[in-house]
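File shown: start-v3.pdb (PDB, C-alpha atoms).
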```
ATOM      1  CA  MET P  78     143.141 153.950 132.908  1.00  0.00           C
ATOM      2  CA  PRO P  79     143.286 150.845 130.622  1.00  0.00           C
ATOM      3  CA  GLU P  80     143.839 148.696 133.748  1.00  0.00           C
ATOM      4  CA  ARG P  81     140.636 150.088 135.245  1.00  0.00           C
ATOM      5  CA  ARG P  82     138.628 149.252 132.116  1.00  0.00           C
ATOM      6  CA  ALA P  83     140.019 145.727 132.072  1.00  0.00           C
ATOM      7  CA  ALA P  84     139.038 145.257 135.719  1.00  0.00           C
ATOM      8  CA  GLU P  85     135.463 146.372 134.970  1.00  0.00           C
ATOM      9  CA  ARG P  86     135.147 144.028 131.991  1.00  0.00           C
ATOM     10  CA  ASP P  87     132.541 141.346 132.593  1.00  0.00           C
ATOM     11  CA  LEU P  88     133.563 137.951 131.183  1.00  0.00           C
ATOM     12  CA  TYR P  89     129.941 136.930 130.641  1.00  0.00           C
ATOM     13  CA  ARG P  90     128.697 140.186 129.120  1.00  0.00           C
ATOM     14  CA  ASP P  91     131.670 141.905 127.458  1.00  0.00           C
ATOM     15  CA  THR P  92     133.615 139.089 125.763  1.00  0.00           C
ATOM     16  CA  TRP P  93     133.054 136.338 123.215  1.00  0.00           C
ATOM     17  CA  VAL P  94     131.694 134.166 126.057  1.00  0.00           C
ATOM     18  CA  ARG P  95     128.416 136.123 125.724  1.00  0.00           C
ATOM     19  CA  TYR P  96     127.771 134.355 122.424  1.00  0.00           C
ATOM     20  CA  LEU P  97     127.494 131.002 124.224  1.00  0.00           C
ATOM     21  CA  GLY P  98     124.140 132.279 125.456  1.00  0.00           C
ATOM     22  CA  TYR P  99     122.926 132.245 121.848  1.00  0.00           C
ATOM     23  CA  ALA P 100     123.861 128.618 121.198  1.00  0.00           C
ATOM     24  CA  ASN P 101     120.280 127.386 121.546  1.00  0.00           C
ATOM     25  CA  GLU P 102     119.004 129.894 118.979  1.00  0.00           C
ATOM     26  CA  VAL P 103     121.597 128.580 116.537  1.00  0.00           C
ATOM     27  CA  GLY P 104     120.511 125.043 117.418  1.00  0.00           C
ATOM     28  CA  GLU P 105     116.870 125.938 116.773  1.00  0.00           C
ATOM     29  CA  ALA P 106     117.770 127.512 113.428  1.00  0.00           C
ATOM     30  CA  PHE P 107     119.501 124.272 112.397  1.00  0.00           C
ATOM     31  CA  ARG P 108     116.794 121.986 113.853  1.00  0.00           C
ATOM     32  CA  SER P 109     115.526 120.865 110.436  1.00  0.00           C
ATOM     33  CA  LEU P 110     119.040 119.879 109.328  1.00  0.00           C
ATOM     34  CA  VAL P 111     120.629 118.232 112.376  1.00  0.00           C
ATOM     35  CA  PRO P 112     119.705 115.419 114.761  1.00  0.00           C
ATOM     36  CA  ALA P 113     117.590 116.438 117.768  1.00  0.00           C
ATOM     37  CA  ALA P 114     120.538 115.618 120.057  1.00  0.00           C
ATOM     38  CA  VAL P 115     122.497 118.506 118.513  1.00  0.00           C
ATOM     39  CA  VAL P 116     119.667 120.916 119.306  1.00  0.00           C
ATOM     40  CA  TRP P 117     119.508 119.636 122.892  1.00  0.00           C
ATOM     41  CA  LEU P 118     123.277 120.014 123.163  1.00  0.00           C
ATOM     42  CA  SER P 119     122.924 123.655 122.103  1.00  0.00           C
ATOM     43  CA  TYR P 120     120.466 124.151 124.977  1.00  0.00           C
ATOM     44  CA  GLY P 121     123.018 122.579 127.313  1.00  0.00           C
ATOM     45  CA  VAL P 122     125.633 125.112 126.203  1.00  0.00           C
ATOM     46  CA  SER P 123     123.232 128.049 126.668  1.00  0.00           C
ATOM     47  CA  SER P 124     122.011 126.776 130.023  1.00  0.00           C
ATOM     48  CA  SER P 125     125.588 126.339 131.229  1.00  0.00           C
ATOM     49  CA  TYR P 126     126.271 129.942 130.233  1.00  0.00           C
ATOM     50  CA  VAL P 127     123.212 131.105 132.208  1.00  0.00           C
ATOM     51  CA  LEU P 128     124.252 129.155 135.296  1.00  0.00           C
ATOM     52  CA  ALA P 129     127.882 130.339 135.107  1.00  0.00           C
ATOM     53  CA  ASP P 130     126.801 133.981 134.746  1.00  0.00           C
ATOM     54  CA  ALA P 131     124.429 133.690 137.723  1.00  0.00           C
ATOM     55  CA  ILE P 132     127.164 132.173 139.896  1.00  0.00           C
ATOM     56  CA  ASP P 133     129.615 134.872 138.793  1.00  0.00           C
ATOM     57  CA  LYS P 134     127.162 137.661 139.658  1.00  0.00           C
ATOM     58  CA  GLY P 135     126.512 136.047 143.038  1.00  0.00           C
ATOM     59  CA  LYS P 136     130.242 135.949 143.814  1.00  0.00           C
ATOM     60  CA  LYS P 137     130.623 139.595 142.788  1.00  0.00           C
ATOM     61  CA  ALA P 138     127.647 140.624 144.937  1.00  0.00           C
ATOM     62  CA  GLY P 139     129.151 138.753 147.884  1.00  0.00           C
ATOM     63  CA  ASP P 140     132.414 140.666 147.505  1.00  0.00           C
ATOM     64  CA  MET P 141     130.689 144.060 147.631  1.00  0.00           C
ATOM     65  CA  SER P 142     129.869 145.718 150.926  1.00  0.00           C
ATOM     66  CA  SER P 143     126.498 147.286 151.560  1.00  0.00           C
ATOM     67  CA  PRO P 144     124.913 148.700 154.702  1.00  0.00           C
ATOM     68  CA  GLU P 145     121.454 147.993 153.231  1.00  0.00           C
ATOM     69  CA  ALA P 146     121.576 144.205 152.939  1.00  0.00           C
ATOM     70  CA  SER P 147     123.413 141.222 154.345  1.00  0.00           C
ATOM     71  CA  ARG P 148     125.924 139.313 152.251  1.00  0.00           C
ATOM     72  CA  SER P 149     123.568 136.342 151.827  1.00  0.00           C
ATOM     73  CA  THR P 150     120.750 138.641 150.695  1.00  0.00           C
ATOM     74  CA  ARG P 151     122.977 140.355 148.120  1.00  0.00           C
ATOM     75  CA  VAL P 152     124.209 137.020 146.797  1.00  0.00           C
ATOM     76  CA  THR P 153     120.704 135.538 146.623  1.00  0.00           C
ATOM     77  CA  VAL P 154     119.256 138.569 144.837  1.00  0.00           C
ATOM     78  CA  ALA P 155     122.122 138.649 142.334  1.00  0.00           C
ATOM     79  CA  VAL P 156     121.943 134.913 141.579  1.00  0.00           C
ATOM     80  CA  VAL P 157     118.146 134.784 141.299  1.00  0.00           C
ATOM     81  CA  ASP P 158     117.861 137.962 139.247  1.00  0.00           C
ATOM     82  CA  THR P 159     120.646 136.978 136.861  1.00  0.00           C
ATOM     83  CA  PHE P 160     119.435 133.400 136.496  1.00  0.00           C
ATOM     84  CA  VAL P 161     115.810 134.356 135.816  1.00  0.00           C
ATOM     85  CA  TRP P 162     116.774 137.190 133.474  1.00  0.00           C
ATOM     86  CA  GLN P 163     119.247 135.078 131.497  1.00  0.00           C
ATOM     87  CA  ALA P 164     116.969 132.017 131.416  1.00  0.00           C
ATOM     88  CA  LEU P 165     114.192 134.119 129.892  1.00  0.00           C
ATOM     89  CA  ALA P 166     116.209 136.515 127.704  1.00  0.00           C
ATOM     90  CA  SER P 167     118.929 134.141 126.518  1.00  0.00           C
ATOM     91  CA  VAL P 168     117.267 130.732 126.414  1.00  0.00           C
ATOM     92  CA  ALA P 169     113.482 130.402 126.722  1.00  0.00           C
ATOM     93  CA  ILE P 170     112.030 133.334 124.774  1.00  0.00           C
ATOM     94  CA  PRO P 171     114.543 133.506 121.901  1.00  0.00           C
ATOM     95  CA  GLY P 172     114.636 129.708 121.597  1.00  0.00           C
ATOM     96  CA  PHE P 173     110.848 129.580 121.356  1.00  0.00           C
ATOM     97  CA  THR P 174     110.812 132.503 118.904  1.00  0.00           C
ATOM     98  CA  ILE P 175     113.380 130.999 116.530  1.00  0.00           C
ATOM     99  CA  ASN P 176     111.729 127.580 116.800  1.00  0.00           C
ATOM    100  CA  ARG P 177     108.304 128.902 115.842  1.00  0.00           C
ATOM    101  CA  VAL P 178     109.561 131.167 113.041  1.00  0.00           C
ATOM    102  CA  CYS P 179     111.577 128.317 111.539  1.00  0.00           C
ATOM    103  CA  ALA P 180     108.691 125.860 111.844  1.00  0.00           C
ATOM    104  CA  ALA P 181     106.271 128.336 110.273  1.00  0.00           C
ATOM    105  CA  SER P 182     108.656 129.227 107.453  1.00  0.00           C
ATOM    106  CA  LEU P 183     109.309 125.568 106.664  1.00  0.00           C
ATOM    107  CA  TYR P 184     105.554 124.974 106.536  1.00  0.00           C
ATOM    108  CA  VAL P 185     104.892 128.042 104.359  1.00  0.00           C
ATOM    109  CA  LEU P 186     107.714 127.181 101.978  1.00  0.00           C
ATOM    110  CA  GLY P 187     106.329 123.645 101.734  1.00  0.00           C
ATOM    111  CA  THR P 188     102.852 124.846 100.799  1.00  0.00           C
ATOM    112  CA  ALA P 189     103.716 127.957  98.749  1.00  0.00           C
ATOM    113  CA  THR P 190     106.688 126.721  96.700  1.00  0.00           C
ATOM    114  CA  ARG P 191     107.825 123.692  94.810  1.00  0.00           C
ATOM    115  CA  TRP P 192     111.346 123.973  96.145  1.00  0.00           C
ATOM    116  CA  PRO P 193     113.093 120.733  97.049  1.00  0.00           C
ATOM    117  CA  LEU P 194     113.008 119.852 100.752  1.00  0.00           C
ATOM    118  CA  THR P 195     116.742 120.506 101.136  1.00  0.00           C
ATOM    119  CA  ALA P 196     116.377 124.059  99.740  1.00  0.00           C
ATOM    120  CA  ARG P 197     113.421 124.717 102.050  1.00  0.00           C
ATOM    121  CA  LYS P 198     115.372 123.492 105.088  1.00  0.00           C
ATOM    122  CA  TRP P 199     118.435 125.610 104.275  1.00  0.00           C
ATOM    123  CA  THR P 200     116.241 128.658 103.645  1.00  0.00           C
ATOM    124  CA  THR P 201     114.523 128.128 106.981  1.00  0.00           C
ATOM    125  CA  THR P 202     117.901 127.780 108.711  1.00  0.00           C
ATOM    126  CA  ALA P 203     119.200 130.972 107.063  1.00  0.00           C
ATOM    127  CA  LEU P 204     116.066 132.845 108.126  1.00  0.00           C
ATOM    128  CA  GLY P 205     116.470 131.622 111.710  1.00  0.00           C
ATOM    129  CA  LEU P 206     120.126 132.663 111.822  1.00  0.00           C
ATOM    130  CA  LEU P 207     119.373 136.084 110.322  1.00  0.00           C
ATOM    131  CA  LEU P 208     116.603 136.642 112.844  1.00  0.00           C
ATOM    132  CA  ILE P 209     118.822 136.136 115.928  1.00  0.00           C
ATOM    133  CA  PRO P 210     120.420 139.617 115.983  1.00  0.00           C
ATOM    134  CA  VAL P 211     117.039 141.208 115.240  1.00  0.00           C
ATOM    135  CA  ILE P 212     115.258 139.696 118.255  1.00  0.00           C
ATOM    136  CA  VAL P 213     117.991 140.105 120.890  1.00  0.00           C
ATOM    137  CA  HIS P 214     117.444 143.715 121.986  1.00  0.00           C
ATOM    138  CA  PRO P 215     113.628 143.715 121.934  1.00  0.00           C
ATOM    139  CA  ILE P 216     113.609 140.523 124.019  1.00  0.00           C
ATOM    140  CA  ASP P 217     116.206 141.915 126.438  1.00  0.00           C
ATOM    141  CA  ARG P 218     114.178 145.098 126.964  1.00  0.00           C
ATOM    142  CA  SER P 219     110.937 143.127 127.349  1.00  0.00           C
ATOM    143  CA  VAL P 220     112.485 140.872 129.983  1.00  0.00           C
ATOM    144  CA  ASP P 221     113.838 143.956 131.796  1.00  0.00           C
ATOM    145  CA  PHE P 222     110.318 145.389 131.817  1.00  0.00           C
ATOM    146  CA  LEU P 223     108.813 142.084 132.950  1.00  0.00           C
ATOM    147  CA  LEU P 224     111.250 141.665 135.843  1.00  0.00           C
ATOM    148  CA  ASP P 225     111.053 145.351 136.832  1.00  0.00           C
ATOM    149  CA  SER P 226     107.269 144.947 136.976  1.00  0.00           C
ATOM    150  CA  SER P 227     107.277 141.710 138.939  1.00  0.00           C
ATOM    151  CA  LEU P 228     110.195 139.855 140.523  1.00  0.00           C
ATOM    152  CA  ARG P 229     112.344 142.912 141.185  1.00  0.00           C
ATOM    153  CA  LYS P 230     109.552 144.485 143.241  1.00  0.00           C
ATOM    154  CA  LEU P 231     110.050 141.655 145.743  1.00  0.00           C
ATOM    155  CA  TYR P 232     113.718 142.374 146.389  1.00  0.00           C
ATOM    156  CA  PRO P 233     114.759 144.099 149.574  1.00  0.00           C
ATOM    157  CA  SER P 234     116.282 147.541 149.306  1.00  0.00           C
ATOM    158  CA  VAL P 235     119.473 146.564 147.478  1.00  0.00           C
ATOM    159  CA  GLU P 236     120.963 147.873 144.287  1.00  0.00           C
ATOM    160  CA  LYS P 237     119.267 146.434 141.210  1.00  0.00           C
ATOM    161  CA  PRO P 238     121.523 143.815 139.630  1.00  0.00           C
ATOM    162  CA  SER P 239     122.722 144.712 136.141  1.00  0.00           C
ATOM    163  CA  SER P 240     121.117 142.134 133.880  1.00  0.00           C
ATOM    164  CA  SER P 241     122.047 143.209 130.412  1.00  0.00           C
TER     165      SER P 241
END
```
Taking this structure as input, can you express it in the form of structure tokens?
Amino acid sequence: MPERRAAERDLYRDTWVRYLGYANEVGEAFRSLVPAAVVWLSYGVSSSYVLADAIDKGKKAGDMSSPEASRSTRVTVAVVDTFVWQALASVAIPGFTINRVCAASLYVLGTATRWPLTARKWTTTALGLLLIPVIVHPIDRSVDFLLDSSLRKLYPSVEKPSSS
């Protein structure tokens, strides 16, 4: 039985590799403290994770047999669904959310306190980092709903790819 569980383990969803998808949120939280190139690098890490997961899901879909859809259809659906889902749920929406919360908190701390700039920046960074685990599940569920209500309606009759 342990061998079966290990075989079902998804490298991109069930291991530490999953945390690479959150690199851009960490970059956004640290934006006020690090050079812009570091933030862009964090987006490169997250985007690489998204692309690698999409390719992996495409390969797995290609290895499965299905009387309902051709191999190329299964691969295309898996790659597109995974890429769109991960791009929205792991990069775009959480990155934007952390960016805006950190920018707003830095502004509010600047107008409402007399704290030194360094203290305001570190407080903003801490807030951004603390917010990451809070936003993950609501964003994931919202992206599921969005794709179920739109893109996934376009797919041919194949099994819905597992996105989260």
Polymer residues at most 12 Å from P:Arg95, all atoms listed in the file, same-chain spacing of 2 or more positions, as a list in words: Asp87, Leu88, Tyr89, Arg90, Asp91, Thr92, Trp93, Leu97, Gly98, Tyr99, Ala100, Val122, Ser123, Ser125, Tyr126, Val127, Ala129, Asp130, Gln163, Ser167 and Ser241 of chain P
Output C-alpha atoms for every residue in that selection, as a short mmCIF file (atom, residue, chain, number, x, y, z; two decimals), in the frame of the given file.
```
data_model
loop_
_atom_site.label_atom_id
_atom_site.label_comp_id
_atom_site.auth_asym_id
_atom_site.auth_seq_id
_atom_site.Cartn_x
_atom_site.Cartn_y
_atom_site.Cartn_z
CA ASP P 87 132.54 141.35 132.59
CA LEU P 88 133.56 137.95 131.18
CA TYR P 89 129.94 136.93 130.64
CA ARG P 90 128.70 140.19 129.12
CA ASP P 91 131.67 141.90 127.46
CA THR P 92 133.62 139.09 125.76
CA TRP P 93 133.05 136.34 123.22
CA LEU P 97 127.49 131.00 124.22
CA GLY P 98 124.14 132.28 125.46
CA TYR P 99 122.93 132.24 121.85
CA ALA P 100 123.86 128.62 121.20
CA VAL P 122 125.63 125.11 126.20
CA SER P 123 123.23 128.05 126.67
CA SER P 125 125.59 126.34 131.23
CA TYR P 126 126.27 129.94 130.23
CA VAL P 127 123.21 131.10 132.21
CA ALA P 129 127.88 130.34 135.11
CA ASP P 130 126.80 133.98 134.75
CA GLN P 163 119.25 135.08 131.50
CA SER P 167 118.93 134.14 126.52
CA SER P 241 122.05 143.21 130.41
#
```
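In this model, the gap between atom CA of P:Lys198 and atom CA of P:Ala169 comes to 22.8 Å.
Distances from P:Ala155, P:Ala131, P:Ala106, P:Leu231 to P:Thr174 were compared using all atoms listed in the file, and the smallest one belongs to P:Ala106.
Comparing P:Leu110, P:Leu207, P:Val220, P:Met141 by their smallest distance to P:Ala166, the closest is P:Val220 (using only C-alpha atoms).
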Proximity to P:Ser182 - best of P:Leu204, P:Leu223, P:Leu228, P:Ala164, all atoms listed in the file: P:Leu204
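Minimum atom-to-atom distance to P:Arg229, evaluated using only C-alpha atoms, belongs to P:Val161 out of P:Leu128, P:Ala196, P:Val116, P:Val161.
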Neighbour list for P:Val156 as a PyMOL selection string, cut-off 7 Å, only C-alpha atoms, skip fewer than 6 positions in-chain: chain P and resi 131-132+134-135
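Each of P:Gly121, P:Pro171, P:Gly187, P:Pro193 was checked against P:Ile209 using only C-alpha atoms; the smallest atom-to-atom distance is that of P:Pro171.
Across the model, the gap from atom CA of P:Thr188 to atom CA of P:Trp117 is 28.2 Å.
Counting only C-alpha atoms and comparing P:Val213, P:Val185, P:Leu224, P:Ala113, the residue that lies closest to P:Val168 is P:Val213.
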Between atom CA of P:Leu194 and atom CA of P:Ser109, distance in Å (one decimal): 10.1 Å
Can you translate the PyMOL selection byres ((chain P and resi 150) around 10) into the concrete residues it hits in this file, as a compact mmCIF listing (two decimals) with C-alpha atoms, in the frame of the given file?
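Produced file expr_32.txt, reproduced below:
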```txt
# COMPACT_ATOMS: atom_id res chain seq x y z
CA GLY P 135 126.51 136.05 143.04
CA ALA P 138 127.65 140.62 144.94
CA GLY P 139 129.15 138.75 147.88
CA GLU P 145 121.45 147.99 153.23
CA ALA P 146 121.58 144.21 152.94
CA SER P 147 123.41 141.22 154.34
CA ARG P 148 125.92 139.31 152.25
CA SER P 149 123.57 136.34 151.83
CA ARG P 151 122.98 140.35 148.12
CA VAL P 152 124.21 137.02 146.80
CA THR P 153 120.70 135.54 146.62
CA VAL P 154 119.26 138.57 144.84
CA ALA P 155 122.12 138.65 142.33
CA VAL P 156 121.94 134.91 141.58
CA TYR P 232 113.72 142.37 146.39
CA PRO P 233 114.76 144.10 149.57
CA VAL P 235 119.47 146.56 147.48
```
